[in-house]
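Worksheet: the structure to be examined is printed underneath.
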Protein chains: 2
Amino acid sequence: MLAEIITIGDEILIGQIVDTNSAWIATTLNDHGIRVKQITSVSDSKDHILEALEAASQRAELIIITGGLGPTKDDITKKTMAEYFGVGFRRDEEALENVKRIFTRSNRPVLAINEQQADVPQNAVVLQNQNGTAPGMWFEAGKQVYVSLPGVPFEMKYLIEEEVLPRVKSHFKLSAIVHHTILTAGLGESFLAEAIADIEDSLPAYIHLAYLPKLGQVRLRLSAYGLEGDTLSTEIQKHVAEIIARIPEYVIVSEDIPLEVAAMNLLEEKNLTLTVAESCTGGFLSHLFTQHSGASSVFLGGAVTYSNELKERLLNVQHSTLQSFGAVSEETVVEMANGACRNFNSDYAIAISGVAGPGGGTEAKPVGTVWVAVSGKTKTITHKYSFSGRRTQNIERAAINSIVLLLKLVKEEHN
Amino acid sequence: MLAEIITIGDEILIGQIVDTNSAWIATTLNDHGIRVKQITSVSDSKDHILEALEAASQRAELIIITGGLGPTKDDITKKTMAEYFGVGFRRDEEALENVKRIFTRSNRPVLAINEQQADVPQNAVVLQNQNGTAPGMWFEAGKQVYVSLPGVPFEMKYLIEEEVLPRVKSHFKLSAIVHHTILTAGLGESFLAEAIADIEDSLPAYIHLAYLPKLGQVRLRLSAYGLEGDTLSTEIQKHVAEIIARIPEYVIVSEDIPLEVAAMNLLEEKNLTLTVAESCTGGFLSHLFTQHSGASSVFLGGAVTYSNELKERLLNVQHSTLQSFGAVSEETVVEMANGACRNFNSDYAIAISGVAGPGGGTEAKPVGTVWVAVSGKTKTITHKYSFSGRRTQNIERAAINSIVLLLKLVKEEHN
């Protein structure tokens with residue numbers, strides 16, 4: 001089944017915001033076996049929206065529209081939908097109650113312009129928006145279903161998950177689909193493909209394997225379509241086991257979670273704590289962990305020692321080490337990691353020092369040279385990386401690879 | 001003048017990558033007075049691409065196509081462009097030299113499939129790609145110009161800046177356009193608009209003022225069109241001065257740079273150094289600074305003290321302070337900031353402690369409560385924020401607002 005996404009609003013067309021909604025919707029629809037044919041961003045212009053709706057209806061059965069549902073006169077999605085379907089408006093009582101509830105909660109008066117948020121085209125099924133005043137709307141017309149949603153990401157996501165997907169599944173009688181993701185790291189996409197080529201070839205036609213590479217990780221996603229849900233799960237687990245058995249050293253976790261969450265889960269399970277000593281990653285590694293709620297149960301904190309003086313002060317890196325080997329060296333990251341473990345009192349510590357670029361490279365240590373050390377129960381392991389990206393990518397790759405190194409040592413020491 | 005952007009590739013339609021290219025292109029075109037009418041993401045399918053090209057040519061004069069230029073058989077943009085224009089292929093000698101140069105540099109053999117990267121439709125003007133093997137292509141047909149570019153962001157950006165924009169300016173005889181941006185913080189968009197309403201009303205018709213709000217900051221962008229470039233600059237500076245004189249306390253910098261760069265520039269100018277002590281922002285504030293090359297001249301580093309123990313160990317926060325007032329308190333952030341200044345030996349220090357959420361909130365300190373302290377030459381100032389966002393937004397807002405507070409103290413102490 002095919003879907004299209006139409007985003008409405010000048011913010012995207014002037015480049016003020018990046019359209020992250022569409023990627024999220026596309027992923028979510030794909031997870032349910034719905035393929036997105038086209039994503040279209042159009043301006044706040046009635047004729048342009050009408051044209052986009054008409055074009056999308058020629059290609060897809062499900063059309064998801066986001067944005068343009070605010071209370072100001074710029075926001076013309078609702079009027080345009082009514083014109084597209086040739087209907088008038090009705091005031092939805094439940095949506096009105098929702099508007100009043102939200103304004104009362106924040107002690108603001110409800111103006112007429114706010115009450116109008118509850119007016120919807122006559123043929124709309126209202127999808128109540130608990131997180132905002134603009135209701136979502138579901139329209140059926142001919143073979144097509146049109147869904148209009150607010151552009152605020154968390155309002156949109158809630159409505160998709162709670163209201164749109166259940167309706168889509170029952171309306172279009174979607175067949176069952178089961179996914180399982182294996183997170184791997186340390187082996188490139190093409191090498192992985194080679195290593196499991198015969199397993200991939202032997203998959204039944206109703207199971208599809210996708211490679212999703214990202215920053216030194218590759219997610220292997222198996223998707224099974226069409227049979228009973230329970231049977232699919234059993235079937236897919238058989239192939240998952242086969243793949244894991246083939247490349248055990250590269251499998252981080254047999255689950256679709258971020259790498260840093262996999263690391264924190266493992267540490268938590270073993271009752272271990274972690275600190276970090278960051279130079280070139282400058283806080284990004286800490287941020288990777290702490291962006292997740294609950295990080296504090298394993299992540300105690302760390303130091304961003306951008307200057308050499310702070311490497312000495314906070315991590316007790318020897319002045320002579322910095323002088324003899326430089327800040328970007330195996331000797332320095334080993335002392336950084338050991339210093340973090342000792343001074344910050346953690347079971348494990350990651351230390352990173354490198355040349356993120358664009359400046360600071362030398363012939364011996366060009367931009368992209370990064371040393372990582374991980375200090376654990378019995379030893380400190382190190383690895384030198386040579387990345388070739390720009391500053392931001394080098395920072396991200398260094399952080400991600402340091403977590404892979406951490407996992408390696410934790411697994412070795414706590415089997 | 002109107003442009004459209006077409007991105008080609010299944011990665012966007014399955015949600016695997018977020019389309020950041022289009023936002024960048026849209027911003028860049030807007031900066032040159034070219035309005036983007038529609039952004040369309042289509043699959044790697046010939047018919048679908050042809051349909052999108054045809055539709056775009058009905059609406060716009062400049063059509064920028066990204067992606068689908070790799071060497072594998074999925075990448076069909078070039079073939080499709082040739083079919084669209086009804087032409088054959090020619091091998092471009094300069095593009096071939098470029099392919100060979102890139103492969104030689106990395107000691108790889110040039111295969112036939114790589115040489116084919118130098119084959120282009122007969123009507124294409126080749127835009128040499130110094131950063132990759134796929135050349136950019138410029139096509140003129142009727143009133144339209146079509147530009148096909150690789151999807152790799154830094155290859156695309158280089159080609160747009162160095163090759164596409166100069167050609168677009170001369171081909172379409174674009175009128176002059178001058179922008180000037182004022183970065184403000186501390187006053188919401190609607191209050192700002194009220195404060196400068198009469199100035200906005202008095203702007204001549206050829207000067208446009210846009211409000212670009214983002215995370216507690218509002219950028220005011222004045223754009224002047226149509227006259228001689230020099231005259232426009234003088235004209236625009238007059239109005240910029242008027243606006244700044246009206247709201248001096250909210251103006252961070254009269255330049256289009258990120259807030260954290262404005263802060264680092266000011267510190268550098270005054271020869272001052274900065275460290276940070278982060279709790280709830282967990283490294284994000286450090287990352288904000290260190291993502292920029294050259295940060296090390298003012299940013300020495302800092303501590304991510306997620307646990308209370310590390311607040312005591314690294315920042316000498318008193319155990320009794322944490323016990324009496326809690327980690328999220330004015331007393332604690334003051335000790336954190338003072339401890340950072342002293343222990344990390346910097347002129348200024350920012351300390352942040354708060355409840356990022358979603359867990360950890362109490363009635364007295366609900367999710368979104370954040371205390372910030374900035375310690376400087378003569379004193380330590382504090383501010384309590386009550387944000388209402390989700391975890392990531394609370395983290396970002398806390399970091400951004402802490403920089404605004406830093407700027408306030410630095411300006412006060414170093415006038």
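We label chains A, B, ... in the order they appear in the structure tokens, count residues from 1 in each chain, and number ligands from 1 in the order shown.
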When the cut-off is 7 Å and we count only C-alpha atoms, which residues of chain B are near chain A, given as a short mmCIF file (atom, residue, chain, number, x, y, z; two decimals) with all heavy atoms, in the first residue's frame?
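Dumped to part-v1.cif:
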```cif
data_model
loop_
_atom_site.label_atom_id
_atom_site.label_comp_id
_atom_site.auth_asym_id
_atom_site.auth_seq_id
_atom_site.Cartn_x
_atom_site.Cartn_y
_atom_site.Cartn_z
N ILE B 12 15.32 8.74 2.01
CA ILE B 12 14.45 9.75 2.62
C ILE B 12 13.03 9.21 2.77
O ILE B 12 12.39 9.41 3.80
CB ILE B 12 14.47 11.05 1.79
CG1 ILE B 12 15.85 11.70 1.90
CG2 ILE B 12 13.38 12.01 2.24
CD1 ILE B 12 16.05 12.89 1.00
N LEU B 13 12.57 8.47 1.78
CA LEU B 13 11.18 7.99 1.81
C LEU B 13 10.96 6.86 2.81
O LEU B 13 9.82 6.62 3.22
CB LEU B 13 10.74 7.55 0.40
CG LEU B 13 10.70 8.69 -0.62
CD1 LEU B 13 10.45 8.14 -2.00
CD2 LEU B 13 9.64 9.70 -0.25
N ILE B 14 12.02 6.15 3.17
CA ILE B 14 11.82 5.16 4.24
C ILE B 14 12.18 5.76 5.60
O ILE B 14 12.13 5.08 6.62
CB ILE B 14 12.61 3.85 4.00
CG1 ILE B 14 14.12 4.10 3.99
CG2 ILE B 14 12.17 3.17 2.71
CD1 ILE B 14 14.93 2.82 4.00
N GLY B 15 12.55 7.04 5.61
CA GLY B 15 12.81 7.71 6.89
C GLY B 15 14.18 7.41 7.46
O GLY B 15 14.48 7.74 8.60
N ILE B 17 17.10 8.63 6.50
CA ILE B 17 17.79 9.89 6.76
C ILE B 17 16.81 11.05 6.72
O ILE B 17 15.79 11.00 6.04
CB ILE B 17 18.94 10.17 5.75
CG1 ILE B 17 18.40 10.25 4.32
CG2 ILE B 17 20.02 9.11 5.83
CD1 ILE B 17 19.40 10.86 3.36
N VAL B 18 17.15 12.08 7.49
CA VAL B 18 16.35 13.30 7.49
C VAL B 18 16.93 14.19 6.39
O VAL B 18 18.14 14.31 6.25
CB VAL B 18 16.44 14.00 8.86
CG1 VAL B 18 15.82 15.38 8.80
CG2 VAL B 18 15.77 13.16 9.93
N ASP B 19 16.05 14.80 5.62
CA ASP B 19 16.48 15.62 4.49
C ASP B 19 16.93 17.00 4.98
O ASP B 19 16.16 17.95 5.01
CB ASP B 19 15.32 15.75 3.49
CG ASP B 19 15.66 16.71 2.37
OD1 ASP B 19 16.86 16.91 2.10
OD2 ASP B 19 14.72 17.26 1.76
N THR B 20 18.21 17.11 5.35
CA THR B 20 18.74 18.41 5.78
C THR B 20 19.23 19.22 4.59
O THR B 20 19.31 20.44 4.66
CB THR B 20 19.91 18.24 6.77
OG1 THR B 20 20.90 17.39 6.17
CG2 THR B 20 19.45 17.60 8.07
N ALA B 23 16.67 22.00 3.41
CA ALA B 23 16.61 23.20 4.25
C ALA B 23 17.80 24.10 3.96
O ALA B 23 17.67 25.33 3.88
CB ALA B 23 16.56 22.82 5.72
N TRP B 24 18.95 23.48 3.79
CA TRP B 24 20.15 24.28 3.51
C TRP B 24 20.03 24.99 2.16
O TRP B 24 20.32 26.18 2.03
CB TRP B 24 21.40 23.39 3.54
CG TRP B 24 22.67 24.17 3.42
CD1 TRP B 24 23.40 24.72 4.42
CD2 TRP B 24 23.34 24.53 2.19
NE1 TRP B 24 24.48 25.39 3.91
CE2 TRP B 24 24.48 25.30 2.55
CE3 TRP B 24 23.10 24.28 0.84
CZ2 TRP B 24 25.37 25.81 1.60
CZ3 TRP B 24 23.97 24.80 -0.10
CH2 TRP B 24 25.09 25.55 0.27
N ALA B 26 17.27 25.72 0.57
CA ALA B 26 16.21 26.73 0.65
C ALA B 26 16.73 28.00 1.31
O ALA B 26 16.48 29.11 0.81
CB ALA B 26 15.03 26.17 1.44
N THR B 27 17.46 27.86 2.39
CA THR B 27 18.04 29.03 3.07
C THR B 27 18.96 29.79 2.12
O THR B 27 18.89 31.02 2.01
CB THR B 27 18.87 28.60 4.30
OG1 THR B 27 18.06 27.76 5.11
CG2 THR B 27 19.31 29.79 5.12
N ASN B 30 17.03 31.54 -0.65
CA ASN B 30 16.33 32.68 -0.07
C ASN B 30 17.27 33.85 0.16
O ASN B 30 16.90 35.00 -0.04
CB ASN B 30 15.66 32.28 1.25
CG ASN B 30 14.20 31.95 1.05
OD1 ASN B 30 13.37 32.85 0.98
ND2 ASN B 30 13.89 30.68 0.91
N VAL B 36 11.58 29.39 -2.76
CA VAL B 36 11.35 27.98 -3.07
C VAL B 36 9.86 27.69 -3.00
O VAL B 36 9.21 27.93 -1.99
CB VAL B 36 12.12 27.07 -2.09
CG1 VAL B 36 11.78 25.60 -2.34
CG2 VAL B 36 13.62 27.29 -2.23
N LYS B 37 9.32 27.22 -4.10
CA LYS B 37 7.88 26.99 -4.21
C LYS B 37 7.50 25.63 -3.64
O LYS B 37 6.47 25.47 -3.00
CB LYS B 37 7.49 27.08 -5.69
CG LYS B 37 6.02 26.86 -6.00
CD LYS B 37 5.18 28.07 -5.63
CE LYS B 37 3.70 27.83 -5.96
NZ LYS B 37 2.84 28.66 -5.13
N GLN B 38 8.31 24.63 -3.90
CA GLN B 38 7.97 23.28 -3.44
C GLN B 38 9.25 22.46 -3.28
O GLN B 38 10.22 22.64 -4.01
CB GLN B 38 7.03 22.60 -4.44
CG GLN B 38 6.63 21.18 -4.04
CD GLN B 38 5.46 20.64 -4.87
OE1 GLN B 38 4.48 21.34 -5.12
NE2 GLN B 38 5.56 19.40 -5.30
N ILE B 39 9.22 21.58 -2.28
CA ILE B 39 10.30 20.61 -2.11
C ILE B 39 9.66 19.23 -2.27
O ILE B 39 8.64 18.94 -1.63
CB ILE B 39 10.95 20.71 -0.72
CG1 ILE B 39 11.54 22.11 -0.51
CG2 ILE B 39 12.03 19.63 -0.53
CD1 ILE B 39 11.99 22.39 0.93
N THR B 40 10.20 18.42 -3.13
CA THR B 40 9.60 17.12 -3.42
C THR B 40 10.63 16.02 -3.25
O THR B 40 11.72 16.10 -3.80
CB THR B 40 9.08 17.09 -4.87
OG1 THR B 40 8.35 18.28 -5.13
CG2 THR B 40 8.19 15.89 -5.12
N SER B 41 10.30 15.00 -2.47
CA SER B 41 11.18 13.84 -2.34
C SER B 41 10.55 12.68 -3.08
O SER B 41 9.42 12.29 -2.76
CB SER B 41 11.36 13.45 -0.87
OG SER B 41 12.01 14.46 -0.17
N VAL B 42 11.27 12.13 -4.04
CA VAL B 42 10.72 11.02 -4.82
C VAL B 42 11.65 9.83 -4.76
O VAL B 42 12.82 9.94 -4.41
CB VAL B 42 10.47 11.42 -6.30
CG1 VAL B 42 9.49 12.58 -6.39
CG2 VAL B 42 11.78 11.80 -6.98
N SER B 43 11.09 8.68 -5.12
CA SER B 43 11.85 7.43 -5.05
C SER B 43 12.79 7.28 -6.24
O SER B 43 12.73 8.04 -7.21
CB SER B 43 10.89 6.26 -5.00
OG SER B 43 10.04 6.31 -6.13
N GLY B 282 24.14 17.85 30.91
CA GLY B 282 24.91 16.62 30.66
C GLY B 282 25.91 16.64 29.52
O GLY B 282 26.09 15.62 28.85
N GLY B 283 26.57 17.75 29.27
CA GLY B 283 27.57 17.80 28.21
C GLY B 283 27.10 18.58 26.99
O GLY B 283 27.91 18.94 26.13
N PHE B 284 25.80 18.86 26.93
CA PHE B 284 25.28 19.54 25.73
C PHE B 284 25.83 20.96 25.60
O PHE B 284 26.13 21.43 24.49
CB PHE B 284 23.75 19.57 25.75
CG PHE B 284 23.16 20.22 24.53
CD1 PHE B 284 23.15 19.54 23.32
CD2 PHE B 284 22.65 21.51 24.58
CE1 PHE B 284 22.64 20.15 22.18
CE2 PHE B 284 22.14 22.12 23.44
CZ PHE B 284 22.13 21.43 22.24
N SER B 286 28.76 22.08 26.71
CA SER B 286 30.14 21.97 26.23
C SER B 286 30.15 21.69 24.74
O SER B 286 30.94 22.27 23.98
CB SER B 286 30.86 20.81 26.95
OG SER B 286 30.97 21.08 28.32
N HIS B 287 29.28 20.78 24.31
CA HIS B 287 29.20 20.42 22.90
C HIS B 287 28.82 21.63 22.03
O HIS B 287 29.35 21.81 20.93
CB HIS B 287 28.22 19.28 22.70
CG HIS B 287 27.92 18.97 21.27
ND1 HIS B 287 28.89 18.57 20.38
CD2 HIS B 287 26.77 19.03 20.56
CE1 HIS B 287 28.35 18.40 19.19
NE2 HIS B 287 27.07 18.67 19.27
N THR B 290 32.09 23.44 21.68
CA THR B 290 33.20 22.73 21.03
C THR B 290 32.87 22.21 19.64
O THR B 290 33.75 21.73 18.93
CB THR B 290 33.68 21.55 21.89
OG1 THR B 290 32.59 20.64 22.08
CG2 THR B 290 34.18 22.03 23.24
N GLN B 291 31.61 22.30 19.22
CA GLN B 291 31.30 21.92 17.84
C GLN B 291 31.94 22.91 16.87
O GLN B 291 32.07 22.62 15.68
CB GLN B 291 29.79 21.86 17.63
CG GLN B 291 29.12 23.21 17.68
CD GLN B 291 27.61 23.14 17.51
OE1 GLN B 291 27.10 22.52 16.59
NE2 GLN B 291 26.89 23.78 18.40
N SER B 293 35.01 25.03 15.44
CA SER B 293 36.46 25.04 15.34
C SER B 293 36.99 26.32 16.00
O SER B 293 36.41 27.38 15.85
CB SER B 293 36.82 24.98 13.86
OG SER B 293 38.13 25.30 13.65
N SER B 296 38.80 26.28 21.42
CA SER B 296 39.79 26.11 22.49
C SER B 296 40.46 27.42 22.91
O SER B 296 41.05 27.48 23.97
CB SER B 296 40.85 25.09 22.06
OG SER B 296 41.49 25.53 20.88
N LEU B 300 38.01 26.26 27.99
CA LEU B 300 39.05 25.37 28.52
C LEU B 300 38.52 23.96 28.77
O LEU B 300 39.25 22.99 28.76
CB LEU B 300 39.58 25.92 29.84
CG LEU B 300 40.10 27.37 29.82
CD1 LEU B 300 40.59 27.76 31.20
CD2 LEU B 300 41.22 27.51 28.79
N GLY B 301 37.20 23.87 29.04
CA GLY B 301 36.61 22.58 29.34
C GLY B 301 35.66 22.70 30.51
O GLY B 301 35.14 23.79 30.77
N GLY B 302 35.44 21.59 31.19
CA GLY B 302 34.53 21.65 32.32
C GLY B 302 34.19 20.28 32.84
O GLY B 302 34.83 19.28 32.47
N ALA B 303 33.18 20.24 33.69
CA ALA B 303 32.80 18.97 34.29
C ALA B 303 31.34 18.70 34.01
O ALA B 303 30.51 19.61 33.98
CB ALA B 303 33.03 19.03 35.80
N VAL B 304 31.04 17.42 33.74
CA VAL B 304 29.66 16.97 33.71
C VAL B 304 29.46 16.24 35.03
O VAL B 304 29.92 15.11 35.20
CB VAL B 304 29.39 16.06 32.51
CG1 VAL B 304 27.96 15.55 32.54
CG2 VAL B 304 29.66 16.79 31.20
N THR B 305 28.86 16.94 35.99
CA THR B 305 28.70 16.33 37.31
C THR B 305 27.27 15.87 37.46
O THR B 305 26.42 16.55 38.02
CB THR B 305 29.04 17.34 38.42
OG1 THR B 305 28.25 18.51 38.21
CG2 THR B 305 30.51 17.74 38.35
N TYR B 306 27.04 14.68 36.92
CA TYR B 306 25.68 14.16 36.92
C TYR B 306 25.33 13.66 38.32
O TYR B 306 24.21 13.83 38.78
CB TYR B 306 25.61 13.03 35.88
CG TYR B 306 24.38 13.10 35.02
CD1 TYR B 306 24.04 14.27 34.37
CD2 TYR B 306 23.57 11.97 34.85
CE1 TYR B 306 22.90 14.33 33.58
CE2 TYR B 306 22.44 12.04 34.06
CZ TYR B 306 22.11 13.21 33.43
OH TYR B 306 20.99 13.26 32.66
N SER B 307 26.29 13.04 38.99
CA SER B 307 26.05 12.55 40.34
C SER B 307 26.40 13.62 41.35
O SER B 307 27.23 14.50 41.09
CB SER B 307 26.90 11.30 40.60
OG SER B 307 28.27 11.67 40.71
N LEU B 310 30.13 13.62 42.32
CA LEU B 310 31.05 14.37 41.45
C LEU B 310 30.92 15.87 41.64
O LEU B 310 31.89 16.60 41.45
CB LEU B 310 30.84 13.98 39.99
CG LEU B 310 31.45 12.66 39.53
CD1 LEU B 310 31.39 12.52 38.02
CD2 LEU B 310 32.91 12.53 39.98
N PHE B 344 39.03 25.03 37.89
CA PHE B 344 39.41 24.88 36.47
C PHE B 344 40.16 26.12 35.99
O PHE B 344 40.54 26.21 34.83
CB PHE B 344 38.17 24.63 35.60
CG PHE B 344 37.30 23.50 36.06
CD1 PHE B 344 35.96 23.43 35.67
CD2 PHE B 344 37.79 22.49 36.89
CE1 PHE B 344 35.14 22.40 36.10
CE2 PHE B 344 36.97 21.45 37.32
CZ PHE B 344 35.64 21.41 36.94
N GLY B 357 13.64 16.00 33.03
CA GLY B 357 12.46 15.16 32.80
C GLY B 357 12.77 13.94 31.97
O GLY B 357 13.92 13.73 31.60
N PRO B 358 11.83 13.09 31.65
CA PRO B 358 10.44 13.19 32.10
C PRO B 358 10.25 12.81 33.57
O PRO B 358 9.29 13.25 34.18
CB PRO B 358 9.70 12.20 31.18
CG PRO B 358 10.75 11.21 30.78
CD PRO B 358 12.04 11.94 30.75
N THR B 392 14.65 16.79 25.73
CA THR B 392 15.62 17.39 24.82
C THR B 392 15.47 18.91 24.75
O THR B 392 16.46 19.64 24.78
CB THR B 392 15.44 16.79 23.40
OG1 THR B 392 15.36 15.38 23.53
CG2 THR B 392 16.58 17.16 22.51
#
```
Open item on the list: Need to verify the contact set: Val152 (chain A), 9 Å, only C-alpha atoms, exclusion of same-chain residues closer than 2 positions in sequence. Can you return it as a list in words?
Closed with: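 The filter keeps Asn21, Thr66, Gly67, Gly132, Leu149, Pro150, Phe154, Glu155, Met156 and Lys157 of chain A.
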Open item on the list: Among region 74-317 of chain A, which residues does DSSP mark as helix (DSSP H, G or I) when it is run on the backbone? Keep the chain and numbering as in the structure and answer as a ChimeraX atom specification.
Closed with: /A:77-85,93-105,112-118,153-171,189-195,197-201,229-246,248-250,259-269,284-290,295-297,308-315
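Atom pair CA of Val126 (chain B) / CA of Trp138 (chain B) has a distance of 6.4 Å (rounded to one decimal).
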Open item on the list: What does the structure give for the distance between CA of Leu232 (chain A) and CA of Asp201 (chain A), in Å to one decimal?
Closed with: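 Between these atoms lies a distance of 18.1 Å.
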- [ ] In Å, rounded to a single decimal, give me how far CA of Ser353 (chain B) is from CA of Glu249 (chain B).
- [x] 25.7 Å
TODO: Please give the complete set of residues from region 264-344 of chain A that DSSP, run on the backbone, assigns to strand (DSSP E or B), formatted as a VMD selection string.
DONE: chain A and resid 274 to 278 299 to 305
Can you write out the residues you just picked, keeping all heavy atoms, as an mmCIF file, in the first residue's frame?
```
data_model
loop_
_atom_site.group_PDB
_atom_site.id
_atom_site.type_symbol
_atom_site.label_atom_id
_atom_site.label_comp_id
_atom_site.auth_asym_id
_atom_site.auth_seq_id
_atom_site.Cartn_x
_atom_site.Cartn_y
_atom_site.Cartn_z
ATOM 1 N N LEU A 274 29.920 4.339 34.983
ATOM 2 C CA LEU A 274 30.739 4.852 33.881
ATOM 3 C C LEU A 274 31.013 6.340 34.064
ATOM 4 O O LEU A 274 30.128 7.095 34.473
ATOM 5 C CB LEU A 274 29.984 4.637 32.562
ATOM 6 C CG LEU A 274 30.591 5.241 31.297
ATOM 7 C CD1 LEU A 274 31.853 4.487 30.882
ATOM 8 C CD2 LEU A 274 29.575 5.219 30.146
ATOM 9 N N THR A 275 32.235 6.745 33.758
ATOM 10 C CA THR A 275 32.536 8.171 33.617
ATOM 11 C C THR A 275 33.311 8.373 32.315
ATOM 12 O O THR A 275 33.741 7.393 31.689
ATOM 13 C CB THR A 275 33.377 8.719 34.790
ATOM 14 O OG1 THR A 275 34.603 7.979 34.857
ATOM 15 C CG2 THR A 275 32.637 8.600 36.109
ATOM 16 N N VAL A 276 33.478 9.626 31.910
ATOM 17 C CA VAL A 276 34.175 9.892 30.647
ATOM 18 C C VAL A 276 35.183 11.019 30.816
ATOM 19 O O VAL A 276 35.056 11.861 31.705
ATOM 20 C CB VAL A 276 33.185 10.274 29.520
ATOM 21 C CG1 VAL A 276 32.191 9.160 29.274
ATOM 22 C CG2 VAL A 276 32.468 11.569 29.842
ATOM 23 N N ALA A 277 36.184 10.999 29.951
ATOM 24 C CA ALA A 277 37.170 12.090 29.891
ATOM 25 C C ALA A 277 37.283 12.462 28.420
ATOM 26 O O ALA A 277 37.851 11.722 27.627
ATOM 27 C CB ALA A 277 38.512 11.619 30.436
ATOM 28 N N GLU A 278 36.695 13.590 28.064
ATOM 29 C CA GLU A 278 36.591 13.955 26.645
ATOM 30 C C GLU A 278 37.508 15.110 26.293
ATOM 31 O O GLU A 278 37.492 16.133 26.953
ATOM 32 C CB GLU A 278 35.167 14.395 26.317
ATOM 33 C CG GLU A 278 34.104 13.365 26.570
ATOM 34 C CD GLU A 278 32.747 13.854 26.056
ATOM 35 O OE1 GLU A 278 32.609 14.017 24.837
ATOM 36 O OE2 GLU A 278 31.852 14.086 26.871
ATOM 37 N N PHE A 299 25.618 6.436 34.463
ATOM 38 C CA PHE A 299 26.534 7.500 34.042
ATOM 39 C C PHE A 299 26.689 8.523 35.166
ATOM 40 O O PHE A 299 25.757 9.247 35.483
ATOM 41 C CB PHE A 299 26.001 8.172 32.771
ATOM 42 C CG PHE A 299 26.913 9.241 32.242
ATOM 43 C CD1 PHE A 299 28.081 8.914 31.574
ATOM 44 C CD2 PHE A 299 26.609 10.587 32.424
ATOM 45 C CE1 PHE A 299 28.929 9.896 31.099
ATOM 46 C CE2 PHE A 299 27.449 11.584 31.946
ATOM 47 C CZ PHE A 299 28.615 11.233 31.282
ATOM 48 N N LEU A 300 27.878 8.583 35.749
ATOM 49 C CA LEU A 300 28.092 9.493 36.876
ATOM 50 C C LEU A 300 28.475 10.889 36.413
ATOM 51 O O LEU A 300 28.215 11.867 37.111
ATOM 52 C CB LEU A 300 29.215 8.955 37.775
ATOM 53 C CG LEU A 300 29.051 7.523 38.282
ATOM 54 C CD1 LEU A 300 30.242 7.131 39.142
ATOM 55 C CD2 LEU A 300 27.745 7.389 39.062
ATOM 56 N N GLY A 301 29.086 10.978 35.244
ATOM 57 C CA GLY A 301 29.528 12.269 34.736
ATOM 58 C C GLY A 301 30.917 12.154 34.157
ATOM 59 O O GLY A 301 31.340 11.068 33.758
ATOM 60 N N GLY A 302 31.616 13.275 34.119
ATOM 61 C CA GLY A 302 32.958 13.228 33.562
ATOM 62 C C GLY A 302 33.540 14.595 33.374
ATOM 63 O O GLY A 302 32.988 15.587 33.857
ATOM 64 N N ALA A 303 34.647 14.626 32.650
ATOM 65 C CA ALA A 303 35.327 15.895 32.433
ATOM 66 C C ALA A 303 35.474 16.156 30.947
ATOM 67 O O ALA A 303 35.690 15.231 30.165
ATOM 68 C CB ALA A 303 36.701 15.867 33.083
ATOM 69 N N VAL A 304 35.280 17.424 30.580
ATOM 70 C CA VAL A 304 35.638 17.853 29.234
ATOM 71 C C VAL A 304 36.952 18.609 29.399
ATOM 72 O O VAL A 304 36.984 19.736 29.871
ATOM 73 C CB VAL A 304 34.551 18.762 28.633
ATOM 74 C CG1 VAL A 304 34.978 19.245 27.260
ATOM 75 C CG2 VAL A 304 33.228 18.013 28.546
ATOM 76 N N THR A 305 38.046 17.931 29.101
ATOM 77 C CA THR A 305 39.360 18.548 29.313
ATOM 78 C C THR A 305 39.899 18.998 27.966
ATOM 79 O O THR A 305 40.677 18.311 27.323
ATOM 80 C CB THR A 305 40.326 17.548 29.962
ATOM 81 O OG1 THR A 305 40.365 16.362 29.153
ATOM 82 C CG2 THR A 305 39.869 17.173 31.354
#
```
- [ ] Using only C-alpha atoms, determine which residues lie at most 7 Å from Ser148 (chain A), disregarding the query and same-chain residues fewer than 2 positions distant; provide the list as a VMD selection string.
- [x] chain A and resid 64 to 66 136 to 138 146
- [ ] May I have the residues within 6 Å of region 373-381 of chain B as a count of residues only, using only C-alpha atoms and disregarding those fewer than 2 positions away in the same chain?
- [x] 9
Task: Top pick for closest residue to Asn129 (chain A), considering A:Ile76, A:Ala340, A:Ile243, A:Ile102 and counting only C-alpha atoms - done: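 Of A:Ile76, A:Ala340, A:Ile243, A:Ile102, the one nearest Asn129 (chain A), counting only C-alpha atoms, is A:Ile102.
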Open item on the list: as a list in words, please: the residues near region 141-143 of chain B (cut-off 9 Å, only C-alpha atoms, same-chain neighbours under 2 positions excluded).
Closed with: Ser57, Glu61, Leu62, Phe85, Phe139, Val145 and Tyr146 of chain B
